[in-house]
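Trainee: Take a look at this one; I'll ask things after.
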Amino acid sequence: LSFALPALSLAAALNTDTTLADSPKYFREEPISPIPQTVDFNKKKAELGEKLFFDTRLSKDNTMACASCHHLDEGGDDNLPVSRALSGGDHAMNTPSIFNARYNFRQNWNGSVKTLYEQVDMVLQNPLEFNNNWDSVVTVLSSDSELQASFDEIYADGITRANIIDSIVEFENTLITPNARFDRYLRHEEGVLSEQEQQGYVLFKELGCVSCHQGVNIGGNLYQKFGVFYNYLAARGDIRKSDYGRKNITHREMDAFVFKVPSLRNVAVTAPYLHDGSAKTLDEAISIMGKAQLGRTLTDKEVSLLKAFLNTLTGEYKNKPLDAE
């Protein structure tokens with residue numbers, strides 16, 4: 001794809017005009033698309049939703065907030081194999097990142113909810129998460145005069161279940177991580193990827209990884225069976241209910257071990273990996289996926305190249321790279 005911009009270099013245009021930068025006309029023709037540099041949102045709703053995202057009063061015992069499992073100063077997850085549950089135990093599955101969740105076609109590993117609205121509703125009532133009910137939450141939050149005033153300013157009916165969810169989702173929709181080095185490459189910026197990283201992307205496509213990991217979220221847009229060529233879960237042993245994935249939702253045998261394909265956005269900073277958190281490192285996850293999904297034992301060089309490419313997928317939140325110290 002080649003083109004010219006009169007009297008202005010493309011790099012300069014992309015740095016000064018986000019409308020131009022986000023125009024598909026100027027992307028490289030690849031199966032992966034850049035995250036938009038900006039999104040439209042209601043500022044007041046998002047600011048209110050951000051307060052609630054960190055508010056432990058949403059949980060029954062006032063100990064957990066959305067931010068307890070989704071660390072926005074890191075990768076949007078909690079860096080644990082499986083999350084801590086409200087009761088002091090553990091969840092059955094690894095916490096997905098909240099960053100770029102707006103681009104997923106379903107939420108949760110097993111696709112149990114379709115939208116972020118349903119997700120918030122489910123989390124609040126789930127015994128392992130907030131273990132609460134909406135009548136109680138509305139009553140507690142309504143006793144906060146400052147919060148009540150904020151809701152009254154935005155919503156005609158003040159603090160309600162629907163409005164609480166709406167404001168949180170409005171904030172979650174702002175949680176995008178644009179400007180990964182690979183996104184900048186897709187926008188034709190020069191010198192942002194090394195030769196090794198470019199070779200890693202070529203290999204990513206040649207091996208077929210891109211058949212499941214593509215689009216703006218580099219995944220998150222389809223279901224796939226885990227263990228197409230190699231039964232990793234059988235080799236791991238101790239098969240649990242959570243390992244059956246979609247089958248727990250649909251109750252169909254054909255959906256056993258089927259999961260939503262995870263996004264690879266910011267994958268370098270969201271260890272550990274897989275739905276059970278059993279892969280501690282990115283190298284280990286790459287090797288497992290090669291064997292389980294591609295039917296091949298990847299060489300050390302192949303793992304290194306793929307990892308180099310995956311390291312280019314780390315974006316920015318609030319104009320700061322997520323991998324910055």
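In the structure tokens, chains take the letters A, B, ... in the order shown, each chain's residues start at 1, and ligands count up from 1 in the order shown.
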Return as a count of residues only the full set of residues in range 160-231 of chain A whose backbone-based DSSP assignment is helix (DSSP H, G or I).

Mentor: 34

Trainee: Could you give me, as a ChimeraX atom specification, the residues within 12 Å of Leu80 in chain A, counting only C-alpha atoms and dropping anything in the same chain fewer than 5 positions from it?

Mentor: /A:68-71,75,85,90-97,270-280

Trainee: Using only C-alpha atoms, pick whichever of A:Gly208, A:Gly295, A:Gly315, A:Gly245 has the shortest atom-to-atom distance to Asn100 in chain A.

Mentor: A:Gly315

Trainee: Do you have the CA of Gln199 in chain A-CA of Glu30 in chain A distance handy?

Mentor: 14.6 Å

Trainee: Choose the residue, out of A:Gly227, A:Gly111, A:Gly219, A:Gly191, that has the smallest atom-to-atom separation from Thr250 in chain A; count only C-alpha atoms.

Mentor: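 Smallest separation from Thr250 in chain A among the options: A:Gly111.
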
Trainee: Between A:Asp61, A:Asp157, A:Asp323, A:Asp152, single out the one closest to Asn131 in chain A, counting only C-alpha atoms.

Mentor: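 For Asn131 in chain A, the nearest of the candidates is A:Asp61.
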
Trainee: Quick one: everything within 10 Å of Asn104 in chain A, counting only C-alpha atoms, minus sequence neighbours fewer than 6 positions away in the same chain. Send it as a short mmCIF file (atom, residue, chain, number, x, y, z; two decimals) with N, CA, C and O atoms, in the first residue's frame.

Mentor:
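As written to disk, out05.cif reads:
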```
data_model
loop_
_atom_site.label_atom_id
_atom_site.label_comp_id
_atom_site.auth_asym_id
_atom_site.auth_seq_id
_atom_site.Cartn_x
_atom_site.Cartn_y
_atom_site.Cartn_z
N GLY A 111 -17.26 -17.26 27.81
CA GLY A 111 -18.26 -16.49 27.06
C GLY A 111 -19.61 -16.44 27.72
O GLY A 111 -20.63 -16.33 27.06
N LYS A 114 -22.50 -11.61 27.30
CA LYS A 114 -22.26 -11.00 26.00
C LYS A 114 -21.69 -9.59 26.11
O LYS A 114 -20.93 -9.16 25.24
N THR A 115 -22.08 -8.86 27.13
CA THR A 115 -21.73 -7.45 27.20
C THR A 115 -21.08 -7.10 28.53
O THR A 115 -21.19 -7.84 29.52
N LEU A 116 -20.44 -5.95 28.57
CA LEU A 116 -19.87 -5.45 29.82
C LEU A 116 -20.98 -5.12 30.82
O LEU A 116 -20.77 -5.21 32.04
N VAL A 216 -8.89 -6.09 15.78
CA VAL A 216 -8.38 -5.00 16.60
C VAL A 216 -7.87 -5.49 17.96
O VAL A 216 -6.94 -4.91 18.52
N ASN A 217 -8.46 -6.56 18.49
CA ASN A 217 -8.04 -7.05 19.81
C ASN A 217 -7.09 -8.24 19.71
O ASN A 217 -6.74 -8.83 20.73
N ILE A 218 -6.73 -8.60 18.50
CA ILE A 218 -5.82 -9.73 18.27
C ILE A 218 -6.33 -10.95 19.05
O ILE A 218 -5.62 -11.63 19.78
N GLY A 219 -7.61 -11.22 18.86
CA GLY A 219 -8.33 -12.27 19.59
C GLY A 219 -9.60 -11.70 20.16
O GLY A 219 -10.02 -10.59 19.83
N GLY A 220 -10.26 -12.49 21.01
CA GLY A 220 -11.47 -12.01 21.66
C GLY A 220 -12.69 -11.97 20.78
O GLY A 220 -13.72 -11.42 21.19
N ASN A 221 -12.61 -12.57 19.59
CA ASN A 221 -13.75 -12.46 18.67
C ASN A 221 -14.25 -13.81 18.15
O ASN A 221 -15.01 -13.87 17.19
N LEU A 222 -13.85 -14.91 18.80
CA LEU A 222 -14.36 -16.23 18.42
C LEU A 222 -14.04 -17.24 19.51
O LEU A 222 -13.25 -16.96 20.42
N LYS A 260 -13.34 -18.81 24.81
CA LYS A 260 -13.16 -17.60 24.00
C LYS A 260 -11.66 -17.42 23.78
O LYS A 260 -10.88 -17.51 24.72
N VAL A 261 -11.28 -17.18 22.54
CA VAL A 261 -9.88 -16.93 22.25
C VAL A 261 -9.47 -15.62 22.94
O VAL A 261 -10.10 -14.59 22.72
N PRO A 262 -8.46 -15.64 23.79
CA PRO A 262 -8.09 -14.42 24.51
C PRO A 262 -7.42 -13.40 23.60
O PRO A 262 -6.79 -13.76 22.60
N SER A 263 -7.55 -12.15 23.96
CA SER A 263 -6.81 -11.09 23.28
C SER A 263 -5.33 -11.22 23.60
O SER A 263 -4.96 -11.60 24.72
#
```

Trainee: What is the CA of Ser136 in chain A to CA of Ala101 in chain A distance in Å?

Mentor: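 Interatomic distance, CA of Ser136 in chain A to CA of Ala101 in chain A: 27.5 Å.
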
Trainee: So what do you get for CA of Val138 in chain A versus CA of Phe171 in chain A, distance-wise?

Mentor: 19.0 Å

Trainee: With only C-alpha atoms as the basis for distance, which of A:Lys241, A:Thr177, A:Asp283, A:Leu52 is at the shortest distance from Ile159 in chain A?

Mentor: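 Result for the nearest residue to Ile159 in chain A: A:Leu52.
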
Trainee: Looking at A:Leu207, A:Leu175, A:Val123, A:Val82, which one is nearest to Gly290 in chain A, with distances taken over only C-alpha atoms?

Mentor: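 For Gly290 in chain A, the nearest of the given residues is A:Leu207.
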
Trainee: Name the residues of range 120-317 of chain A that come out as strand (DSSP E) in a backbone DSSP run; write them as an NGL selection string.

Mentor: :A and (223-225 or 258-260 or 316-317)
